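The next block is entry10.pdb, given as PDB, C-alpha atoms, pLDDT in the B column.
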ATOM      1  CA  MET A   1      -3.617 -35.558  40.714  1.00 67.00           C
ATOM      2  CA  PRO A   2      -6.382 -38.059  39.919  1.00 78.00           C
ATOM      3  CA  PRO A   3      -7.170 -38.637  36.210  1.00 77.00           C
ATOM      4  CA  ALA A   4     -10.658 -37.126  36.575  1.00 78.00           C
ATOM      5  CA  ASP A   5      -9.159 -33.903  37.993  1.00 78.00           C
ATOM      6  CA  GLN A   6      -6.564 -33.841  35.211  1.00 78.00           C
ATOM      7  CA  MET A   7      -9.327 -34.093  32.594  1.00 83.00           C
ATOM      8  CA  ALA A   8     -11.316 -31.308  34.264  1.00 84.00           C
ATOM      9  CA  MET A   9      -8.241 -29.063  34.479  1.00 83.00           C
ATOM     10  CA  THR A  10      -7.332 -29.761  30.831  1.00 84.00           C
ATOM     11  CA  ALA A  11     -10.892 -28.926  29.747  1.00 86.00           C
ATOM     12  CA  ALA A  12     -10.770 -25.675  31.765  1.00 86.00           C
ATOM     13  CA  TRP A  13      -7.413 -24.706  30.216  1.00 86.00           C
ATOM     14  CA  LEU A  14      -8.679 -25.445  26.713  1.00 87.00           C
ATOM     15  CA  GLU A  15     -11.779 -23.328  27.357  1.00 88.00           C
ATOM     16  CA  VAL A  16      -9.657 -20.371  28.558  1.00 87.00           C
ATOM     17  CA  LEU A  17      -7.339 -20.664  25.544  1.00 87.00           C
ATOM     18  CA  ASP A  18     -10.298 -20.977  23.164  1.00 87.00           C
ATOM     19  CA  ILE A  19     -12.033 -17.908  24.640  1.00 88.00           C
ATOM     20  CA  SER A  20      -8.737 -15.983  24.313  1.00 87.00           C
ATOM     21  CA  GLY A  21      -8.539 -16.943  20.629  1.00 88.00           C
ATOM     22  CA  VAL A  22      -5.297 -18.913  20.866  1.00 88.00           C
ATOM     23  CA  PRO A  23      -4.961 -21.194  17.835  1.00 88.00           C
ATOM     24  CA  PRO A  24      -4.077 -24.798  18.778  1.00 87.00           C
ATOM     25  CA  GLU A  25      -0.866 -24.630  16.732  1.00 88.00           C
ATOM     26  CA  GLN A  26       0.298 -21.761  18.976  1.00 86.00           C
ATOM     27  CA  TYR A  27      -0.176 -23.588  22.329  1.00 86.00           C
ATOM     28  CA  GLU A  28       3.475 -24.670  22.432  1.00 88.00           C
ATOM     29  CA  ALA A  29       4.751 -21.167  21.625  1.00 88.00           C
ATOM     30  CA  CYS A  30       2.530 -19.674  24.351  1.00 88.00           C
ATOM     31  CA  TYR A  31       3.724 -22.282  26.851  1.00 89.00           C
ATOM     32  CA  SER A  32       7.394 -21.639  26.044  1.00 90.00           C
ATOM     33  CA  ALA A  33       6.912 -17.867  26.293  1.00 89.00           C
ATOM     34  CA  ALA A  34       5.038 -18.193  29.608  1.00 90.00           C
ATOM     35  CA  VAL A  35       7.754 -20.450  31.094  1.00 91.00           C
ATOM     36  CA  GLN A  36      10.432 -17.974  30.005  1.00 90.00           C
ATOM     37  CA  ALA A  37       8.495 -15.016  31.452  1.00 90.00           C
ATOM     38  CA  ARG A  38       8.027 -16.887  34.739  1.00 89.00           C
ATOM     39  CA  ALA A  39      11.762 -17.694  34.867  1.00 90.00           C
ATOM     40  CA  GLU A  40      12.603 -14.011  34.446  1.00 89.00           C
ATOM     41  CA  ARG A  41      10.109 -13.015  37.161  1.00 88.00           C
ATOM     42  CA  LYS A  42      11.474 -15.705  39.488  1.00 88.00           C
ATOM     43  CA  ALA A  43      15.038 -14.513  38.830  1.00 89.00           C
ATOM     44  CA  GLY A  44      13.836 -11.074  39.895  1.00 88.00           C
ATOM     45  CA  GLY A  45      12.870 -12.475  43.298  1.00 89.00           C
ATOM     46  CA  GLU A  46       9.110 -12.802  42.746  1.00 87.00           C
ATOM     47  CA  GLN A  47       7.249 -15.666  44.446  1.00 87.00           C
ATOM     48  CA  LEU A  48       5.205 -17.572  41.857  1.00 84.00           C
ATOM     49  CA  SER A  49       2.302 -19.993  42.098  1.00 84.00           C
ATOM     50  CA  HIS A  50       1.572 -22.742  39.547  1.00 86.00           C
ATOM     51  CA  LEU A  51       1.407 -21.927  35.837  1.00 88.00           C
ATOM     52  CA  THR A  52      -2.161 -21.014  34.747  1.00 87.00           C
ATOM     53  CA  ALA A  53      -4.009 -20.903  31.450  1.00 88.00           C
ATOM     54  CA  ASP A  54      -4.389 -17.140  31.897  1.00 89.00           C
ATOM     55  CA  GLU A  55      -0.613 -16.763  31.665  1.00 89.00           C
ATOM     56  CA  LEU A  56      -0.601 -18.661  28.370  1.00 88.00           C
ATOM     57  CA  ALA A  57      -3.447 -16.443  27.086  1.00 89.00           C
ATOM     58  CA  ALA A  58      -1.491 -13.327  28.139  1.00 90.00           C
ATOM     59  CA  GLU A  59       1.552 -14.574  26.215  1.00 90.00           C
ATOM     60  CA  TRP A  60      -0.658 -15.137  23.146  1.00 89.00           C
ATOM     61  CA  ILE A  61      -1.579 -11.437  23.165  1.00 90.00           C
ATOM     62  CA  LYS A  62       2.142 -10.546  23.138  1.00 90.00           C
ATOM     63  CA  ILE A  63       2.904 -13.102  20.401  1.00 89.00           C
ATOM     64  CA  ARG A  64      -0.003 -11.891  18.254  1.00 89.00           C
ATOM     65  CA  ARG A  65       1.079  -8.233  18.557  1.00 90.00           C
ATOM     66  CA  LEU A  66       4.650  -9.177  17.697  1.00 88.00           C
ATOM     67  CA  ASN A  67       3.461 -11.134  14.626  1.00 85.00           C
ATOM     68  CA  GLU A  68       1.323  -8.176  13.499  1.00 87.00           C
ATOM     69  CA  GLU A  69       4.305  -5.820  13.862  1.00 86.00           C
ATOM     70  CA  ILE A  70       6.542  -8.208  11.901  1.00 83.00           C
ATOM     71  CA  GLU A  71       3.916  -8.456   9.152  1.00 81.00           C
ATOM     72  CA  ARG A  72       3.531  -4.661   9.034  1.00 78.00           C
ATOM     73  CA  GLN A  73       7.308  -4.208   8.748  1.00 75.00           C
ATOM     74  CA  SER A  74       7.439  -6.922   6.059  1.00 73.00           C
ATOM     75  CA  VAL A  75       4.887  -5.016   3.967  1.00 65.00           C
ATOM     76  CA  LYS A  76       6.981  -1.874   4.317  1.00 63.00           C
ATOM     77  CA  MET A  77      10.163  -3.680   3.313  1.00 65.00           C
ATOM     78  CA  LEU A  78       8.396  -5.238   0.326  1.00 59.00           C
ATOM     79  CA  ALA A  79       8.392  -1.814  -1.310  1.00 51.00           C
ATOM     80  CA  ALA A  80      12.191  -1.803  -1.294  1.00 53.00           C
ATOM     81  CA  VAL A  81      12.264  -5.155  -3.079  1.00 58.00           C
ATOM     82  CA  ASN A  82       9.291  -4.826  -5.436  1.00 65.00           C
ATOM     83  CA  PRO A  83       8.580  -1.377  -6.956  1.00 63.00           C
ATOM     84  CA  ARG A  84       4.970  -2.360  -7.784  1.00 65.00           C
ATOM     85  CA  HIS A  85       4.209  -2.314  -4.049  1.00 67.00           C
ATOM     86  CA  CYS A  86       6.045   0.951  -3.361  1.00 76.00           C
ATOM     87  CA  LEU A  87       3.923   3.275  -1.182  1.00 75.00           C
ATOM     88  CA  ARG A  88       5.768   6.297  -2.574  1.00 77.00           C
ATOM     89  CA  CYS A  89       5.142   5.857  -6.330  1.00 79.00           C
ATOM     90  CA  TYR A  90       2.716   2.888  -6.494  1.00 74.00           C
ATOM     91  CA  GLY A  91       4.840   1.367  -9.262  1.00 76.00           C
ATOM     92  CA  THR A  92       4.828   4.431 -11.551  1.00 80.00           C
ATOM     93  CA  GLY A  93       8.425   5.500 -10.834  1.00 79.00           C
ATOM     94  CA  LYS A  94       7.215   9.030  -9.993  1.00 82.00           C
ATOM     95  CA  GLU A  95       7.348   9.588  -6.228  1.00 81.00           C
ATOM     96  CA  GLU A  96       4.262  11.285  -4.819  1.00 77.00           C
ATOM     97  CA  MET A  97       5.447  13.917  -2.352  1.00 74.00           C
ATOM     98  CA  ALA A  98       3.654  14.754   0.894  1.00 68.00           C
ATOM     99  CA  ASP A  99       2.542  18.163  -0.470  1.00 66.00           C
ATOM    100  CA  GLY A 100       0.711  16.546  -3.408  1.00 68.00           C
ATOM    101  CA  THR A 101       3.392  17.124  -6.054  1.00 75.00           C
ATOM    102  CA  SER A 102       5.392  14.340  -7.692  1.00 77.00           C
ATOM    103  CA  ARG A 103       8.982  13.908  -8.838  1.00 81.00           C
ATOM    104  CA  PRO A 104      10.574  11.380 -11.201  1.00 82.00           C
ATOM    105  CA  GLY A 105      13.030   8.757  -9.992  1.00 80.00           C
ATOM    106  CA  CYS A 106      11.500   7.058  -6.947  1.00 80.00           C
ATOM    107  CA  ALA A 107      14.041   5.176  -4.789  1.00 76.00           C
ATOM    108  CA  HIS A 108      11.300   2.778  -3.531  1.00 73.00           C
ATOM    109  CA  LEU A 109      12.216   3.308   0.135  1.00 76.00           C
ATOM    110  CA  PRO A 110       9.775   2.298   2.899  1.00 76.00           C
ATOM    111  CA  VAL A 111       7.513   5.045   4.266  1.00 78.00           C
ATOM    112  CA  SER A 112       8.146   5.745   7.963  1.00 81.00           C
ATOM    113  CA  ASP A 113       5.263   6.149  10.416  1.00 83.00           C
ATOM    114  CA  GLU A 114       6.146   9.831  10.909  1.00 86.00           C
ATOM    115  CA  GLU A 115       6.191  10.442   7.160  1.00 84.00           C
ATOM    116  CA  GLN A 116       2.855   8.671   6.721  1.00 83.00           C
ATOM    117  CA  ALA A 117       1.369  10.816   9.522  1.00 86.00           C
ATOM    118  CA  GLU A 118       2.659  13.967   7.782  1.00 85.00           C
ATOM    119  CA  ARG A 119       1.213  12.837   4.432  1.00 80.00           C
ATOM    120  CA  THR A 120      -2.153  12.165   6.081  1.00 84.00           C
ATOM    121  CA  ARG A 121      -2.109  15.578   7.813  1.00 86.00           C
ATOM    122  CA  LEU A 122      -1.320  17.440   4.580  1.00 82.00           C
ATOM    123  CA  GLN A 123      -3.968  15.521   2.664  1.00 81.00           C
ATOM    124  CA  LYS A 124      -6.568  16.452   5.303  1.00 84.00           C
ATOM    125  CA  GLU A 125      -5.496  20.094   5.006  1.00 85.00           C
ATOM    126  CA  ARG A 126      -5.904  19.999   1.206  1.00 80.00           C
ATOM    127  CA  ILE A 127      -9.369  18.452   1.555  1.00 81.00           C
ATOM    128  CA  GLN A 128     -10.327  21.052   4.181  1.00 83.00           C
ATOM    129  CA  PHE A 129      -9.097  23.870   1.914  1.00 82.00           C
ATOM    130  CA  ALA A 130     -11.132  22.516  -1.016  1.00 80.00           C
ATOM    131  CA  ARG A 131     -14.242  22.293   1.179  1.00 80.00           C
ATOM    132  CA  GLU A 132     -13.796  25.881   2.377  1.00 82.00           C
ATOM    133  CA  GLN A 133     -13.408  27.083  -1.212  1.00 79.00           C
ATOM    134  CA  ALA A 134     -16.586  25.215  -2.183  1.00 77.00           C
ATOM    135  CA  ARG A 135     -18.488  26.724   0.768  1.00 75.00           C
ATOM    136  CA  GLN A 136     -17.381  30.224  -0.255  1.00 77.00           C
ATOM    137  CA  ARG A 137     -18.596  29.627  -3.802  1.00 72.00           C
ATOM    138  CA  VAL A 138     -21.930  28.240  -2.615  1.00 68.00           C
ATOM    139  CA  GLY A 139     -22.372  31.105  -0.155  1.00 65.00           C
ATOM    140  CA  ASN A 140     -21.715  33.719  -2.883  1.00 56.00           C
ATOM    141  CA  PRO A 141     -25.057  35.300  -3.972  1.00 49.00           C
ATOM    142  CA  GLU A 142     -23.776  35.957  -7.503  1.00 55.00           C
ATOM    143  CA  PRO A 143     -23.685  32.868  -9.688  1.00 52.00           C
ATOM    144  CA  PHE A 144     -20.233  31.787 -10.743  1.00 51.00           C
ATOM    145  CA  ILE A 145     -19.868  31.940 -14.482  1.00 54.00           C
ATOM    146  CA  GLY A 146     -16.679  30.428 -15.751  1.00 55.00           C
ATOM    147  CA  PRO A 147     -15.041  31.174 -19.073  1.00 57.00           C
ATOM    148  CA  VAL A 148     -16.797  29.795 -22.114  1.00 53.00           C
ATOM    149  CA  MET A 149     -14.758  26.851 -23.298  1.00 53.00           C
ATOM    150  CA  ALA A 150     -14.977  25.428 -26.765  1.00 52.00           C
ATOM    151  CA  VAL A 151     -15.176  21.673 -27.019  1.00 48.00           C
ATOM    152  CA  PRO A 152     -11.943  20.632 -28.716  1.00 52.00           C
ATOM    153  CA  ARG A 153     -12.343  18.917 -32.038  1.00 55.00           C
ATOM    154  CA  LEU A 154     -10.500  15.625 -32.296  1.00 59.00           C
ATOM    155  CA  VAL A 155      -7.529  16.510 -34.477  1.00 65.00           C
ATOM    156  CA  ARG A 156      -5.757  13.730 -36.353  1.00 76.00           C
ATOM    157  CA  LEU A 157      -2.022  13.618 -36.952  1.00 81.00           C
ATOM    158  CA  LYS A 158      -0.525  11.876 -39.989  1.00 84.00           C
ATOM    159  CA  CYS A 159       2.923  10.327 -40.312  1.00 84.00           C
ATOM    160  CA  SER A 160       5.205  11.917 -42.916  1.00 86.00           C
ATOM    161  CA  LYS A 161       6.506   8.521 -44.135  1.00 84.00           C
ATOM    162  CA  CYS A 162       3.892   5.805 -43.509  1.00 81.00           C
ATOM    163  CA  PRO A 163       0.056   5.752 -43.764  1.00 79.00           C
ATOM    164  CA  ARG A 164      -0.422   5.849 -39.960  1.00 78.00           C
ATOM    165  CA  THR A 165      -2.844   8.413 -38.475  1.00 80.00           C
ATOM    166  CA  VAL A 166      -3.336   9.029 -34.740  1.00 76.00           C
ATOM    167  CA  ASP A 167      -5.425  11.337 -32.588  1.00 71.00           C
ATOM    168  CA  ARG A 168      -3.961  14.352 -30.808  1.00 70.00           C
ATOM    169  CA  LEU A 169      -5.322  13.174 -27.474  1.00 65.00           C
ATOM    170  CA  HIS A 170      -2.426  10.735 -27.024  1.00 68.00           C
ATOM    171  CA  TYR A 171       0.218  12.112 -29.420  1.00 72.00           C
ATOM    172  CA  GLU A 172       1.727  15.505 -30.234  1.00 77.00           C
ATOM    173  CA  ALA A 173       2.791  17.015 -33.519  1.00 81.00           C
ATOM    174  CA  GLY A 174       6.522  16.581 -34.059  1.00 83.00           C
ATOM    175  CA  GLN A 175       6.739  13.189 -32.314  1.00 82.00           C
ATOM    176  CA  VAL A 176       8.450  10.329 -34.123  1.00 83.00           C
ATOM    177  CA  CYS A 177       5.928   7.798 -35.438  1.00 77.00           C
ATOM    178  CA  ASN A 178       7.708   4.608 -34.220  1.00 73.00           C
ATOM    179  CA  ASP A 179       5.104   2.387 -35.882  1.00 68.00           C
ATOM    180  CA  LEU A 180       6.204  -1.104 -36.925  1.00 61.00           C
ATOM    181  CA  LEU A 181       6.912  -1.386 -40.651  1.00 64.00           C
ATOM    182  CA  ASN A 182       6.728  -4.566 -42.782  1.00 55.00           C
ATOM    183  CA  ARG A 183       3.953  -6.054 -40.630  1.00 50.00           C
ATOM    184  CA  GLY A 184       2.885  -9.541 -41.595  1.00 49.00           C
ATOM    185  CA  GLN A 185       5.567  -9.893 -44.255  1.00 51.00           C
ATOM    186  CA  GLY A 186       7.041 -12.869 -42.418  1.00 50.00           C
ATOM    187  CA  ASP A 187      10.624 -11.988 -43.277  1.00 54.00           C
ATOM    188  CA  GLY A 188      11.488 -11.023 -39.687  1.00 55.00           C
ATOM    189  CA  ASN A 189      12.953  -7.678 -40.829  1.00 60.00           C
ATOM    190  CA  LEU A 190      10.733  -5.475 -38.685  1.00 60.00           C
ATOM    191  CA  LYS A 191      11.809  -1.909 -38.120  1.00 73.00           C
ATOM    192  CA  LEU A 192      10.257   1.217 -36.694  1.00 77.00           C
ATOM    193  CA  CYS A 193       9.090   4.100 -38.842  1.00 80.00           C
ATOM    194  CA  ASP A 194      11.167   7.231 -38.227  1.00 84.00           C
ATOM    195  CA  GLY A 195       8.579   9.559 -39.787  1.00 84.00           C
ATOM    196  CA  VAL A 196       7.285  12.636 -37.932  1.00 87.00           C
ATOM    197  CA  LEU A 197       3.633  13.099 -36.919  1.00 82.00           C
ATOM    198  CA  LYS A 198       2.104  16.230 -38.493  1.00 85.00           C
ATOM    199  CA  SER A 199      -1.371  17.732 -38.492  1.00 78.00           C
ATOM    200  CA  ASN A 200      -3.339  17.358 -41.747  1.00 66.00           C
TER     201      ASN A 200
END

Step by step, read the file and then write its structure as structure tokens.
Amino acid sequence: MPPADQMAMTAAWLEVLDISGVPPEQYEACYSAAVQARAERKAGGEQLSHLTADELAAEWIKIRRLNEEIERQSVKMLAAVNPRHCLRCYGTGKEEMADGTSRPGCAHLPVSDEEQAERTRLQKERIQFAREQARQRVGNPEPFIGPVMAVPRLVRLKCSKCPRTVDRLHYEAGQVCNDLLNRGQGDGNLKLCDGVLKSN
């Protein structure tokens, strides 16, 4: 083939590969895959013409899909290695069940496609149920009057042994204080207060 024709053919191939979105670093992989596919077709008795750029572009589609599947599986397997990325508990250690409840002690196993589909279906059902309940309330001619609720006063709890006080929003009466004692003394003999939190 004359050099001018070779240049024209190379330019045409590059244009086809560029339009197909094949990255230059993947040209060799596409070529190898196309040669292997042609060898298998030829072994099957098929008559083949010369290798074309379209065949390389077709192999790129297969390679890209395979890479996407590998990446998707890698993300799933990451949950088994790193609990922070677990799709069952999201790093909390409490597994969120498909029905909306949760249970302690997540095993950080990957979520299968079937399980994810079931979770999605149940979540849609819960949303649909909530919407229907809202529509029934809105459609009711009598106004909905809920029970009168008193605004809770912020109650403070005091430790029985140290001067620590805390709010009841985050602590309960009867809990052990566990506050650090001897703060800032510099003697390194820190210990936790074993006093009990009580209401004033």

Spatial neighbours of Pro163 of chain A, 12 Å, all atoms listed in the file, chain gap at least 2 places, as a PyMOL selection string:
chain A and resi 157-161+165-166+177+179-181+193+195-198

File dump, residues just selected, C-alpha atoms, as a PDB file, in the coordinates of the input:
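Okay, out_13.pdb is ready:
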ATOM      1  CA  LEU A 157      -2.022  13.618 -36.952  1.00 81.00           C
ATOM      2  CA  LYS A 158      -0.525  11.876 -39.989  1.00 84.00           C
ATOM      3  CA  CYS A 159       2.923  10.327 -40.312  1.00 84.00           C
ATOM      4  CA  SER A 160       5.205  11.917 -42.916  1.00 86.00           C
ATOM      5  CA  LYS A 161       6.506   8.521 -44.135  1.00 84.00           C
ATOM      6  CA  THR A 165      -2.844   8.413 -38.475  1.00 80.00           C
ATOM      7  CA  VAL A 166      -3.336   9.029 -34.740  1.00 76.00           C
ATOM      8  CA  CYS A 177       5.928   7.798 -35.438  1.00 77.00           C
ATOM      9  CA  ASP A 179       5.104   2.387 -35.882  1.00 68.00           C
ATOM     10  CA  LEU A 180       6.204  -1.104 -36.925  1.00 61.00           C
ATOM     11  CA  LEU A 181       6.912  -1.386 -40.651  1.00 64.00           C
ATOM     12  CA  CYS A 193       9.090   4.100 -38.842  1.00 80.00           C
ATOM     13  CA  GLY A 195       8.579   9.559 -39.787  1.00 84.00           C
ATOM     14  CA  VAL A 196       7.285  12.636 -37.932  1.00 87.00           C
ATOM     15  CA  LEU A 197       3.633  13.099 -36.919  1.00 82.00           C
ATOM     16  CA  LYS A 198       2.104  16.230 -38.493  1.00 85.00           C
TER      17      LYS A 198
END

Can you list, as number ranges by chain, every protein, DNA or RNA residue that comes within 12 Å of segment 59-76 of chain A when you count only C-alpha atoms, leaving out same-chain residues fewer than 3 positions away?
A: 16-38, 52-56, 79-83, 85-88, 108-113, 116

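Take atom CA of Ala8 of chain A and atom CA of Glu40 of chain A: the distance between them is 29.5 Å.
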
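The two atoms in question, atom CA of Tyr171 of chain A and atom CA of Ser199 of chain A, are spaced 10.8 Å apart.
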
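Taking atom CA of Asn178 of chain A and atom CA of Arg164 of chain A as endpoints, the distance between them is 10.0 Å.
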
Taking (6.5, 11.4, -11.7) in the file's coordinates as the center, which residues reach within 6 Å of it, counting all atoms listed in the file, put as a PyMOL selection string?
chain A and resi 94-95+102-104

For segment 37-54 of chain A, where the input has fewer atoms than it should, I would like N, CA and C atoms rebuilt and written as a compact mmCIF listing (two decimals), keeping the file's coordinate frame.
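Output (selection_34.txt):
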# COMPACT_ATOMS: atom_id res chain seq x y z
N ALA A 37 8.89 -16.20 30.68
CA ALA A 37 8.49 -15.02 31.45
C ALA A 37 8.50 -15.31 32.95
N ARG A 38 8.03 -16.51 33.32
CA ARG A 38 8.03 -16.89 34.74
C ARG A 38 9.46 -17.01 35.27
N ALA A 39 10.37 -17.55 34.44
CA ALA A 39 11.76 -17.69 34.87
C ALA A 39 12.39 -16.32 35.12
N GLU A 40 12.07 -15.36 34.27
CA GLU A 40 12.60 -14.01 34.45
C GLU A 40 12.03 -13.37 35.71
N ARG A 41 10.73 -13.57 35.94
CA ARG A 41 10.11 -13.02 37.16
C ARG A 41 10.69 -13.67 38.41
N LYS A 42 10.91 -14.98 38.35
CA LYS A 42 11.47 -15.70 39.49
C LYS A 42 12.91 -15.25 39.75
N ALA A 43 13.67 -15.01 38.67
CA ALA A 43 15.04 -14.51 38.83
C ALA A 43 15.05 -13.13 39.46
N GLY A 44 13.96 -12.40 39.28
CA GLY A 44 13.84 -11.07 39.90
C GLY A 44 13.40 -11.12 41.34
N GLY A 45 13.22 -12.32 41.88
CA GLY A 45 12.87 -12.48 43.30
C GLY A 45 11.38 -12.60 43.57
N GLU A 46 10.56 -12.71 42.54
CA GLU A 46 9.11 -12.80 42.75
C GLU A 46 8.72 -14.23 43.11
N GLN A 47 7.78 -14.36 44.06
CA GLN A 47 7.25 -15.67 44.45
C GLN A 47 6.12 -16.01 43.48
N LEU A 48 6.18 -17.19 42.87
CA LEU A 48 5.20 -17.57 41.86
C LEU A 48 4.41 -18.79 42.29
N SER A 49 3.13 -18.80 41.88
CA SER A 49 2.30 -19.99 42.10
C SER A 49 2.41 -20.87 40.85
N HIS A 50 1.53 -21.85 40.70
CA HIS A 50 1.57 -22.74 39.55
C HIS A 50 1.22 -21.99 38.27
N LEU A 51 1.71 -22.49 37.16
CA LEU A 51 1.41 -21.93 35.84
C LEU A 51 -0.09 -22.07 35.58
N THR A 52 -0.72 -20.99 35.03
CA THR A 52 -2.16 -21.01 34.75
C THR A 52 -2.41 -20.79 33.26
N ALA A 53 -3.62 -21.11 32.85
CA ALA A 53 -4.01 -20.90 31.45
C ALA A 53 -4.06 -19.42 31.13
N ASP A 54 -4.35 -18.59 32.13
CA ASP A 54 -4.39 -17.14 31.90
C ASP A 54 -3.02 -16.61 31.48
